[in-house]
Amino acid sequence: MTEVAIVILDLDGGEMLERCLDSLERQTLAPKRVVIFDNGSVDPVAGRLRPASLPIEIIRNDRNIGFARGADQAIRATSEPYVALINNDVVLEPQWLENLAGRLEERDDLAAVQSLNLQPDGMIDGAGIAPRDGRIVQAGHGSPLESFDCRFREIWGVSATAALYRRGALESVRKGGEIFLGLLETYYEDVELAARLRREGWKAELLDEPLAVHIGSGSEVKLAGRAVFLRTRNRYFIARIHHGVGNIPALLSEDFRAIVRSSARLHARSVIDRIRGIVSGLSGTVAARM
């Protein structure tokens with residue numbers, strides 16, 4: 001029997017977390033365990049969950065330690081051969097887990113697999129991570145569903161928005177004891193992990209079925225300006241750590257255009273946070289992570 005652990009990070013997710021868990025209860029393949037990492041919620045998860053049939057375990061942290069360290073801590077609490085990472089703002093179709101696990105069992109060279117993730121309006125939210133033109137993007141983002149027409153396709157890497165990983169692959173690329181690079185805190189940590197997996201010869205695949213809906217990030221609102229800083233900084237960190245995964249001149253060009261747009265809209269805070277992210281990303285210490 002296929003054994004899968006589910007890992008969900010939550011930071012005051014409220015009804016979003018409940019909808020995510022409701023969709024897990026309807027899975028045609030039942031998870032062996034569901035670990036919810038309460039990443040410093042003001043309203044602790046343990047006190048607000050409705051009774052559920054899922055085998056839920058809650059790990060509580062008193063402060064937000066970021067996605068990377070939180071996911072690592074939760075994964076260490078599991079032992080199943082497959083580990084799914086699911087955002088608390090994702091709703092899954094009933095066959096999501098069964099179809100993804102089946103694909104990992106069919107191909108032992110796959111480190112991870114994801115389905116097409118949709119936006120609530122039915123457009124594609126993401127079809128995998130794709131370095132493109134010196135930037136790092138979610139393939140297919142904003143495209144109509146009809147633009148994808150094959151069942152399986154190899155992709156550069158999976159998005160941790162909703163993906164299933166092979167534990168053996170994750171363990172094979174641990175770096176300094178970490179699966180996700182704690183240095184990154186939040187944003188693009190799945191990109192850095194995908195780069196390490198590819199370097200070790202692992203593959204990733206898209207199951208071209210619309211089996212997950214990504215409602216939208218609530219955590220970004222809580223991070224406020226720090227979200228802009230981290231998103232900006234981490235792209236430069238990754239470009240410096242992994243040759244070819246992001247091109248610094250292309251990233252600078254993209255950020256310069258974003259700064260101009262924010263300036264025109266008088267969004268001074270966004271301009272300051274993006275500039276701070278660029279400076280930190282280009283000057284921060286990453287050599288030890290190479």
# chains A, B, ... in the order shown; residues from 1 in each chain; ligands from 1
$ residues_around --residues "A:Ile155" --least-positions-apart "6" --cutoff "9 Å" --atoms "only C-alpha atoms" --output "PyMOL selection string"
chain A and resi 127-130+203-206
$ residues_around --residues "A:Arg135" --least-positions-apart "2" --cutoff "7 Å" --atoms "only C-alpha atoms" --output "count of residues only"
8
$ closest_atom_pairs --of "stretch 14-76 of chain A" --to "stretch 175-186 of chain A" --cutoff "8 Å" --atoms "only C-alpha atoms" --output "JSON lines"
{"residue": "A:Ile65", "atom": "CA", "partner": "A:Glu185", "partner_atom": "CA", "distance": 7.2}
{"residue": "A:Gly66", "atom": "CA", "partner": "A:Glu185", "partner_atom": "CA", "distance": 4.6}
{"residue": "A:Phe67", "atom": "CA", "partner": "A:Thr186", "partner_atom": "CA", "distance": 5.0}
{"residue": "A:Ala68", "atom": "CA", "partner": "A:Phe180", "partner_atom": "CA", "distance": 5.0}
{"residue": "A:Arg69", "atom": "CA", "partner": "A:Gly182", "partner_atom": "CA", "distance": 5.2}
{"residue": "A:Ala71", "atom": "CA", "partner": "A:Phe180", "partner_atom": "CA", "distance": 7.4}
{"residue": "A:Asp72", "atom": "CA", "partner": "A:Ile179", "partner_atom": "CA", "distance": 6.2}
$ closest_residue --among "A:Asn99, A:Ser53, A:Ser270, A:Thr28" --to "A:Leu207" --atoms "only C-alpha atoms"
A:Asn99
$ residues_around --residues "A:Phe37" --least-positions-apart "6" --cutoff "6 Å" --atoms "only C-alpha atoms" --output "list in words"
Leu9, Ile58 and Ile59 of chain A
$ write_last_selection --atoms "all heavy atoms" --output "compact mmCIF listing (two decimals), in the first residue's frame"
# COMPACT_ATOMS: atom_id res chain seq x y z
N LEU A 9 1.88 23.92 5.95
CA LEU A 9 2.27 25.01 6.84
C LEU A 9 1.11 25.98 6.96
O LEU A 9 0.45 26.30 5.96
CB LEU A 9 3.51 25.73 6.33
CG LEU A 9 4.86 25.18 6.83
CD1 LEU A 9 5.11 23.80 6.23
CD2 LEU A 9 6.00 26.12 6.49
N ILE A 58 -0.20 17.99 14.84
CA ILE A 58 0.11 19.43 14.81
C ILE A 58 1.44 19.68 15.48
O ILE A 58 1.69 19.21 16.59
CB ILE A 58 -1.00 20.23 15.50
CG1 ILE A 58 -2.33 20.05 14.77
CG2 ILE A 58 -0.63 21.72 15.55
CD1 ILE A 58 -3.51 20.67 15.50
N ILE A 59 2.30 20.40 14.78
CA ILE A 59 3.56 20.87 15.36
C ILE A 59 3.43 22.38 15.50
O ILE A 59 3.16 23.08 14.52
CB ILE A 59 4.77 20.52 14.46
CG1 ILE A 59 4.89 19.01 14.28
CG2 ILE A 59 6.05 21.10 15.07
CD1 ILE A 59 5.97 18.61 13.30
$ select_by_dssp --residues "stretch 21-185 of chain A" --states "helix (DSSP H, G or I)" --output "PyMOL selection string"
chain A and resi 21-25+45-47+66-76+96-106+145-147+167-172+182-184
$ select_by_dssp --residues "stretch 34-261 of chain A" --states "strand (DSSP E or B)" --output "MDAnalysis selection string"
chainID A and resid 34:39 56:61 82:86 90:92 110:118 124:126 129:132 135:138 152:155 157 162:166 175 178 203:214
$ atom_distance --atom1 "atom CA of A:Asp22" --atom2 "atom CA of A:Ala212"
13.1 Å
$ closest_residue --among "A:Leu104, A:Ala111, A:Ile136, A:Leu11" --to "A:Asn88" --atoms "only C-alpha atoms"
A:Leu11
$ closest_residue --among "A:Ile124, A:Ala163, A:Val260, A:Val271" --to "A:Ile86" --atoms "only C-alpha atoms"
A:Ala163
$ residues_around --residues "A:Val35" --least-positions-apart "4" --cutoff "12 Å" --atoms "only C-alpha atoms" --output "tab-separated table (two decimals) with N, CA, C and O atoms, in the first residue's frame"
chain	number	residue	atom	x	y	z
A	4	VAL	N	1.75	7.86	2.19
A	4	VAL	CA	2.07	9.26	1.92
A	4	VAL	C	1.85	10.09	3.17
A	4	VAL	O	0.83	9.94	3.85
A	5	ALA	N	2.81	10.96	3.45
A	5	ALA	CA	2.63	11.98	4.49
A	5	ALA	C	2.32	13.31	3.82
A	5	ALA	O	2.91	13.65	2.80
A	6	ILE	N	1.37	14.02	4.39
A	6	ILE	CA	1.02	15.35	3.91
A	6	ILE	C	1.59	16.38	4.87
A	6	ILE	O	1.44	16.25	6.09
A	7	VAL	N	2.22	17.41	4.35
A	7	VAL	CA	2.75	18.51	5.16
A	7	VAL	C	2.08	19.81	4.72
A	7	VAL	O	2.10	20.15	3.53
A	8	ILE	N	1.47	20.51	5.67
A	8	ILE	CA	0.84	21.80	5.41
A	8	ILE	C	1.38	22.80	6.42
A	8	ILE	O	1.33	22.55	7.63
A	9	LEU	N	1.88	23.92	5.95
A	9	LEU	CA	2.27	25.01	6.84
A	9	LEU	C	1.11	25.98	6.96
A	9	LEU	O	0.45	26.30	5.96
A	10	ASP	N	0.85	26.44	8.18
A	10	ASP	CA	-0.27	27.34	8.39
A	10	ASP	C	0.16	28.52	9.25
A	10	ASP	O	0.87	28.35	10.24
A	21	LEU	N	-8.19	21.00	4.18
A	21	LEU	CA	-8.35	19.73	4.89
A	21	LEU	C	-9.61	18.99	4.43
A	21	LEU	O	-9.61	17.76	4.33
A	31	PRO	N	-4.16	9.64	2.98
A	31	PRO	CA	-2.79	9.84	3.47
A	31	PRO	C	-2.57	9.07	4.77
A	31	PRO	O	-3.48	8.89	5.56
A	45	VAL	N	-3.54	26.69	15.62
A	45	VAL	CA	-4.29	25.71	14.84
A	45	VAL	C	-5.06	24.75	15.74
A	45	VAL	O	-6.23	24.44	15.49
A	46	ALA	N	-4.43	24.28	16.80
A	46	ALA	CA	-5.04	23.26	17.66
A	46	ALA	C	-6.37	23.71	18.23
A	46	ALA	O	-7.26	22.88	18.49
A	54	LEU	N	-9.15	12.72	9.31
A	54	LEU	CA	-7.75	12.63	8.91
A	54	LEU	C	-6.85	12.35	10.11
A	54	LEU	O	-7.12	12.82	11.23
A	55	PRO	N	-5.73	11.61	9.89
A	55	PRO	CA	-4.76	11.37	10.98
A	55	PRO	C	-3.85	12.59	11.16
A	55	PRO	O	-2.69	12.60	10.73
A	56	ILE	N	-4.37	13.62	11.81
A	56	ILE	CA	-3.69	14.91	11.89
A	56	ILE	C	-2.75	14.97	13.09
A	56	ILE	O	-3.10	14.58	14.19
A	57	GLU	N	-1.53	15.47	12.83
A	57	GLU	CA	-0.58	15.80	13.88
A	57	GLU	C	-0.23	17.27	13.74
A	57	GLU	O	0.01	17.75	12.63
A	58	ILE	N	-0.20	17.99	14.84
A	58	ILE	CA	0.11	19.43	14.81
A	58	ILE	C	1.44	19.68	15.48
A	58	ILE	O	1.69	19.21	16.59
A	59	ILE	N	2.30	20.40	14.78
A	59	ILE	CA	3.56	20.87	15.36
A	59	ILE	C	3.43	22.38	15.50
A	59	ILE	O	3.16	23.08	14.52
A	60	ARG	N	3.59	22.87	16.69
A	60	ARG	CA	3.40	24.29	16.97
A	60	ARG	C	4.73	24.99	17.17
A	60	ARG	O	5.58	24.52	17.94
A	70	GLY	N	10.31	25.70	8.45
A	70	GLY	CA	9.09	25.04	8.91
A	70	GLY	C	8.82	23.75	8.17
A	70	GLY	O	8.48	22.73	8.78
A	71	ALA	N	8.98	23.77	6.84
A	71	ALA	CA	8.77	22.56	6.05
A	71	ALA	C	9.77	21.48	6.43
A	71	ALA	O	9.42	20.29	6.55
A	72	ASP	N	11.02	21.87	6.64
A	72	ASP	CA	12.04	20.90	7.05
A	72	ASP	C	11.67	20.25	8.38
A	72	ASP	O	11.79	19.03	8.54
A	73	GLN	N	11.26	21.06	9.34
A	73	GLN	CA	10.91	20.51	10.65
A	73	GLN	C	9.74	19.54	10.53
A	73	GLN	O	9.73	18.48	11.18
A	74	ALA	N	8.74	19.88	9.72
A	74	ALA	CA	7.59	19.01	9.55
A	74	ALA	C	7.97	17.72	8.82
A	74	ALA	O	7.52	16.63	9.19
A	75	ILE	N	8.81	17.82	7.80
A	75	ILE	CA	9.22	16.62	7.05
A	75	ILE	C	10.00	15.68	7.96
A	75	ILE	O	9.86	14.46	7.88
A	76	ARG	N	10.82	16.24	8.84
A	76	ARG	CA	11.59	15.39	9.76
A	76	ARG	C	10.69	14.60	10.71
A	76	ARG	O	11.11	13.59	11.26
A	77	ALA	N	9.47	15.06	10.90
A	77	ALA	CA	8.53	14.37	11.78
A	77	ALA	C	7.81	13.23	11.07
A	77	ALA	O	6.99	12.54	11.68
A	78	THR	N	8.11	13.01	9.79
A	78	THR	CA	7.46	11.95	9.02
A	78	THR	C	8.49	10.91	8.59
A	78	THR	O	9.69	11.15	8.64
A	79	SER	N	7.97	9.76	8.13
A	79	SER	CA	8.87	8.69	7.68
A	79	SER	C	8.38	8.00	6.42
A	79	SER	O	9.03	7.10	5.92
A	80	GLU	N	7.22	8.40	5.92
A	80	GLU	CA	6.62	7.74	4.76
A	80	GLU	C	7.50	7.92	3.51
A	80	GLU	O	8.22	8.92	3.40
A	83	VAL	N	6.21	12.30	0.34
A	83	VAL	CA	5.84	13.46	1.16
A	83	VAL	C	5.22	14.51	0.25
A	83	VAL	O	5.85	14.95	-0.72
A	84	ALA	N	4.00	14.90	0.56
A	84	ALA	CA	3.33	15.96	-0.20
A	84	ALA	C	3.41	17.27	0.56
A	84	ALA	O	3.19	17.31	1.77
A	85	LEU	N	3.75	18.33	-0.15
A	85	LEU	CA	3.69	19.68	0.41
A	85	LEU	C	2.51	20.39	-0.24
A	85	LEU	O	2.40	20.43	-1.48
A	86	ILE	N	1.63	20.93	0.59
A	86	ILE	CA	0.43	21.57	0.09
A	86	ILE	C	0.23	22.90	0.82
A	86	ILE	O	0.23	22.93	2.06
A	88	ASN	N	-1.77	25.95	2.43
A	88	ASN	CA	-3.06	25.93	3.11
A	88	ASN	C	-4.17	26.61	2.31
A	88	ASN	O	-5.35	26.49	2.65
$ closest_residue --among "A:Leu282, A:Val42, A:Leu164, A:Ala30" --to "A:Arg240" --atoms "only C-alpha atoms"
A:Leu282
$ residues_around --residues "A:Leu118" --least-positions-apart "6" --cutoff "9 Å" --atoms "only C-alpha atoms" --output "PyMOL selection string"
chain A and resi 124-127+141-142+145+210-215
$ decode --residues "stretch 229-245 of chain A" --atoms "all heavy atoms" --output "PDB file, in the first residue's frame"
ATOM      1  N   PHE A 229      10.727  42.168  -0.260  1.00  0.00           N
ATOM      2  CA  PHE A 229      12.159  42.039   0.018  1.00  0.00           C
ATOM      3  C   PHE A 229      12.641  40.609  -0.216  1.00  0.00           C
ATOM      4  O   PHE A 229      13.642  40.382  -0.911  1.00  0.00           O
ATOM      5  CB  PHE A 229      12.440  42.466   1.458  1.00  0.00           C
ATOM      6  CG  PHE A 229      13.820  42.093   1.949  1.00  0.00           C
ATOM      7  CD1 PHE A 229      14.935  42.818   1.557  1.00  0.00           C
ATOM      8  CD2 PHE A 229      14.003  40.999   2.795  1.00  0.00           C
ATOM      9  CE1 PHE A 229      16.205  42.473   2.002  1.00  0.00           C
ATOM     10  CE2 PHE A 229      15.253  40.645   3.234  1.00  0.00           C
ATOM     11  CZ  PHE A 229      16.371  41.381   2.841  1.00  0.00           C
ATOM     12  N   LEU A 230      11.925  39.626   0.345  1.00  0.00           N
ATOM     13  CA  LEU A 230      12.365  38.234   0.240  1.00  0.00           C
ATOM     14  C   LEU A 230      12.272  37.711  -1.185  1.00  0.00           C
ATOM     15  O   LEU A 230      13.177  37.004  -1.655  1.00  0.00           O
ATOM     16  CB  LEU A 230      11.544  37.347   1.178  1.00  0.00           C
ATOM     17  CG  LEU A 230      11.802  37.525   2.673  1.00  0.00           C
ATOM     18  CD1 LEU A 230      10.794  36.732   3.498  1.00  0.00           C
ATOM     19  CD2 LEU A 230      13.232  37.098   3.036  1.00  0.00           C
ATOM     20  N   ARG A 231      11.181  38.031  -1.874  1.00  0.00           N
ATOM     21  CA  ARG A 231      11.044  37.570  -3.255  1.00  0.00           C
ATOM     22  C   ARG A 231      12.178  38.114  -4.110  1.00  0.00           C
ATOM     23  O   ARG A 231      12.730  37.415  -4.951  1.00  0.00           O
ATOM     24  CB  ARG A 231       9.697  38.004  -3.840  1.00  0.00           C
ATOM     25  CG  ARG A 231       8.509  37.173  -3.399  1.00  0.00           C
ATOM     26  CD  ARG A 231       7.364  37.301  -4.397  1.00  0.00           C
ATOM     27  NE  ARG A 231       7.122  38.669  -4.796  1.00  0.00           N
ATOM     28  CZ  ARG A 231       6.280  39.496  -4.196  1.00  0.00           C
ATOM     29  NH1 ARG A 231       5.590  39.074  -3.147  1.00  0.00           N
ATOM     30  NH2 ARG A 231       6.115  40.720  -4.620  1.00  0.00           N
ATOM     31  N   THR A 232      12.498  39.388  -3.898  1.00  0.00           N
ATOM     32  CA  THR A 232      13.563  40.013  -4.685  1.00  0.00           C
ATOM     33  C   THR A 232      14.924  39.425  -4.327  1.00  0.00           C
ATOM     34  O   THR A 232      15.669  38.969  -5.196  1.00  0.00           O
ATOM     35  CB  THR A 232      13.572  41.534  -4.446  1.00  0.00           C
ATOM     36  OG1 THR A 232      12.277  42.073  -4.745  1.00  0.00           O
ATOM     37  CG2 THR A 232      14.620  42.216  -5.315  1.00  0.00           C
ATOM     38  N   ARG A 233      15.249  39.414  -3.052  1.00  0.00           N
ATOM     39  CA  ARG A 233      16.567  38.933  -2.608  1.00  0.00           C
ATOM     40  C   ARG A 233      16.831  37.501  -3.022  1.00  0.00           C
ATOM     41  O   ARG A 233      17.924  37.167  -3.505  1.00  0.00           O
ATOM     42  CB  ARG A 233      16.645  39.047  -1.088  1.00  0.00           C
ATOM     43  CG  ARG A 233      17.993  38.637  -0.507  1.00  0.00           C
ATOM     44  CD  ARG A 233      17.899  38.307   0.961  1.00  0.00           C
ATOM     45  NE  ARG A 233      17.113  37.088   1.204  1.00  0.00           N
ATOM     46  CZ  ARG A 233      16.984  36.522   2.398  1.00  0.00           C
ATOM     47  NH1 ARG A 233      17.535  37.069   3.453  1.00  0.00           N
ATOM     48  NH2 ARG A 233      16.266  35.424   2.537  1.00  0.00           N
ATOM     49  N   ASN A 234      15.826  36.628  -2.831  1.00  0.00           N
ATOM     50  CA  ASN A 234      16.067  35.203  -3.019  1.00  0.00           C
ATOM     51  C   ASN A 234      16.378  34.830  -4.459  1.00  0.00           C
ATOM     52  O   ASN A 234      17.114  33.879  -4.715  1.00  0.00           O
ATOM     53  CB  ASN A 234      14.869  34.398  -2.505  1.00  0.00           C
ATOM     54  CG  ASN A 234      14.786  34.406  -0.993  1.00  0.00           C
ATOM     55  OD1 ASN A 234      15.681  34.912  -0.313  1.00  0.00           O
ATOM     56  ND2 ASN A 234      13.721  33.848  -0.448  1.00  0.00           N
ATOM     57  N   ARG A 235      15.850  35.572  -5.406  1.00  0.00           N
ATOM     58  CA  ARG A 235      16.172  35.275  -6.812  1.00  0.00           C
ATOM     59  C   ARG A 235      17.662  35.490  -7.080  1.00  0.00           C
ATOM     60  O   ARG A 235      18.288  34.724  -7.822  1.00  0.00           O
ATOM     61  CB  ARG A 235      15.330  36.133  -7.746  1.00  0.00           C
ATOM     62  CG  ARG A 235      13.831  35.829  -7.670  1.00  0.00           C
ATOM     63  CD  ARG A 235      13.052  36.691  -8.630  1.00  0.00           C
ATOM     64  NE  ARG A 235      13.390  38.101  -8.484  1.00  0.00           N
ATOM     65  CZ  ARG A 235      13.377  38.991  -9.481  1.00  0.00           C
ATOM     66  NH1 ARG A 235      13.056  38.611 -10.694  1.00  0.00           N
ATOM     67  NH2 ARG A 235      13.694  40.244  -9.257  1.00  0.00           N
ATOM     68  N   TYR A 236      18.223  36.535  -6.499  1.00  0.00           N
ATOM     69  CA  TYR A 236      19.656  36.796  -6.689  1.00  0.00           C
ATOM     70  C   TYR A 236      20.499  35.759  -5.950  1.00  0.00           C
ATOM     71  O   TYR A 236      21.530  35.306  -6.466  1.00  0.00           O
ATOM     72  CB  TYR A 236      20.011  38.215  -6.226  1.00  0.00           C
ATOM     73  CG  TYR A 236      19.396  39.271  -7.098  1.00  0.00           C
ATOM     74  CD1 TYR A 236      18.195  39.874  -6.738  1.00  0.00           C
ATOM     75  CD2 TYR A 236      19.989  39.653  -8.294  1.00  0.00           C
ATOM     76  CE1 TYR A 236      17.610  40.837  -7.545  1.00  0.00           C
ATOM     77  CE2 TYR A 236      19.417  40.615  -9.114  1.00  0.00           C
ATOM     78  CZ  TYR A 236      18.218  41.196  -8.735  1.00  0.00           C
ATOM     79  OH  TYR A 236      17.643  42.131  -9.545  1.00  0.00           O
ATOM     80  N   PHE A 237      20.058  35.376  -4.744  1.00  0.00           N
ATOM     81  CA  PHE A 237      20.769  34.313  -4.026  1.00  0.00           C
ATOM     82  C   PHE A 237      20.846  33.049  -4.878  1.00  0.00           C
ATOM     83  O   PHE A 237      21.902  32.432  -5.012  1.00  0.00           O
ATOM     84  CB  PHE A 237      20.058  34.002  -2.709  1.00  0.00           C
ATOM     85  CG  PHE A 237      20.446  34.891  -1.553  1.00  0.00           C
ATOM     86  CD1 PHE A 237      19.858  34.728  -0.316  1.00  0.00           C
ATOM     87  CD2 PHE A 237      21.406  35.880  -1.696  1.00  0.00           C
ATOM     88  CE1 PHE A 237      20.208  35.531   0.764  1.00  0.00           C
ATOM     89  CE2 PHE A 237      21.768  36.697  -0.622  1.00  0.00           C
ATOM     90  CZ  PHE A 237      21.165  36.509   0.609  1.00  0.00           C
ATOM     91  N   ILE A 238      19.710  32.656  -5.457  1.00  0.00           N
ATOM     92  CA  ILE A 238      19.681  31.423  -6.239  1.00  0.00           C
ATOM     93  C   ILE A 238      20.542  31.550  -7.494  1.00  0.00           C
ATOM     94  O   ILE A 238      21.257  30.616  -7.869  1.00  0.00           O
ATOM     95  CB  ILE A 238      18.229  31.046  -6.595  1.00  0.00           C
ATOM     96  CG1 ILE A 238      17.490  30.624  -5.323  1.00  0.00           C
ATOM     97  CG2 ILE A 238      18.183  29.917  -7.627  1.00  0.00           C
ATOM     98  CD1 ILE A 238      16.000  30.478  -5.489  1.00  0.00           C
ATOM     99  N   ALA A 239      20.498  32.701  -8.152  1.00  0.00           N
ATOM    100  CA  ALA A 239      21.326  32.910  -9.338  1.00  0.00           C
ATOM    101  C   ALA A 239      22.809  32.797  -8.996  1.00  0.00           C
ATOM    102  O   ALA A 239      23.618  32.338  -9.823  1.00  0.00           O
ATOM    103  CB  ALA A 239      21.022  34.267  -9.957  1.00  0.00           C
ATOM    104  N   ARG A 240      23.181  33.201  -7.792  1.00  0.00           N
ATOM    105  CA  ARG A 240      24.582  33.114  -7.373  1.00  0.00           C
ATOM    106  C   ARG A 240      24.959  31.699  -6.941  1.00  0.00           C
ATOM    107  O   ARG A 240      26.098  31.271  -7.116  1.00  0.00           O
ATOM    108  CB  ARG A 240      24.837  34.100  -6.232  1.00  0.00           C
ATOM    109  CG  ARG A 240      24.753  35.565  -6.668  1.00  0.00           C
ATOM    110  CD  ARG A 240      24.736  36.493  -5.469  1.00  0.00           C
ATOM    111  NE  ARG A 240      25.952  36.349  -4.668  1.00  0.00           N
ATOM    112  CZ  ARG A 240      26.068  36.774  -3.420  1.00  0.00           C
ATOM    113  NH1 ARG A 240      25.034  37.354  -2.813  1.00  0.00           N
ATOM    114  NH2 ARG A 240      27.197  36.620  -2.767  1.00  0.00           N
ATOM    115  N   ILE A 241      24.003  30.979  -6.356  1.00  0.00           N
ATOM    116  CA  ILE A 241      24.277  29.616  -5.884  1.00  0.00           C
ATOM    117  C   ILE A 241      24.302  28.618  -7.032  1.00  0.00           C
ATOM    118  O   ILE A 241      25.164  27.739  -7.098  1.00  0.00           O
ATOM    119  CB  ILE A 241      23.224  29.191  -4.837  1.00  0.00           C
ATOM    120  CG1 ILE A 241      23.349  30.035  -3.585  1.00  0.00           C
ATOM    121  CG2 ILE A 241      23.385  27.706  -4.475  1.00  0.00           C
ATOM    122  CD1 ILE A 241      22.189  29.862  -2.610  1.00  0.00           C
ATOM    123  N   HIS A 242      23.349  28.754  -7.961  1.00  0.00           N
ATOM    124  CA  HIS A 242      23.185  27.776  -9.045  1.00  0.00           C
ATOM    125  C   HIS A 242      23.377  28.472 -10.391  1.00  0.00           C
ATOM    126  O   HIS A 242      22.494  29.200 -10.851  1.00  0.00           O
ATOM    127  CB  HIS A 242      21.808  27.115  -8.988  1.00  0.00           C
ATOM    128  CG  HIS A 242      21.557  26.333  -7.740  1.00  0.00           C
ATOM    129  ND1 HIS A 242      22.151  25.110  -7.512  1.00  0.00           N
ATOM    130  CD2 HIS A 242      20.785  26.605  -6.657  1.00  0.00           C
ATOM    131  CE1 HIS A 242      21.741  24.649  -6.338  1.00  0.00           C
ATOM    132  NE2 HIS A 242      20.937  25.538  -5.797  1.00  0.00           N
ATOM    133  N   HIS A 243      24.512  28.213 -11.008  1.00  0.00           N
ATOM    134  CA  HIS A 243      24.819  28.839 -12.298  1.00  0.00           C
ATOM    135  C   HIS A 243      23.747  28.486 -13.327  1.00  0.00           C
ATOM    136  O   HIS A 243      23.397  27.327 -13.511  1.00  0.00           O
ATOM    137  CB  HIS A 243      26.185  28.362 -12.800  1.00  0.00           C
ATOM    138  CG  HIS A 243      26.556  28.933 -14.132  1.00  0.00           C
ATOM    139  ND1 HIS A 243      26.882  30.259 -14.296  1.00  0.00           N
ATOM    140  CD2 HIS A 243      26.629  28.357 -15.373  1.00  0.00           C
ATOM    141  CE1 HIS A 243      27.157  30.482 -15.566  1.00  0.00           C
ATOM    142  NE2 HIS A 243      27.002  29.346 -16.237  1.00  0.00           N
ATOM    143  N   GLY A 244      23.209  29.508 -13.976  1.00  0.00           N
ATOM    144  CA  GLY A 244      22.214  29.286 -15.013  1.00  0.00           C
ATOM    145  C   GLY A 244      20.778  29.332 -14.537  1.00  0.00           C
ATOM    146  O   GLY A 244      19.849  29.345 -15.354  1.00  0.00           O
ATOM    147  N   VAL A 245      20.565  29.337 -13.222  1.00  0.00           N
ATOM    148  CA  VAL A 245      19.200  29.411 -12.695  1.00  0.00           C
ATOM    149  C   VAL A 245      18.931  30.870 -12.335  1.00  0.00           C
ATOM    150  O   VAL A 245      19.080  31.294 -11.190  1.00  0.00           O
ATOM    151  CB  VAL A 245      19.001  28.489 -11.479  1.00  0.00           C
ATOM    152  CG1 VAL A 245      17.530  28.494 -11.049  1.00  0.00           C
ATOM    153  CG2 VAL A 245      19.449  27.071 -11.799  1.00  0.00           C
TER     154      VAL A 245
END
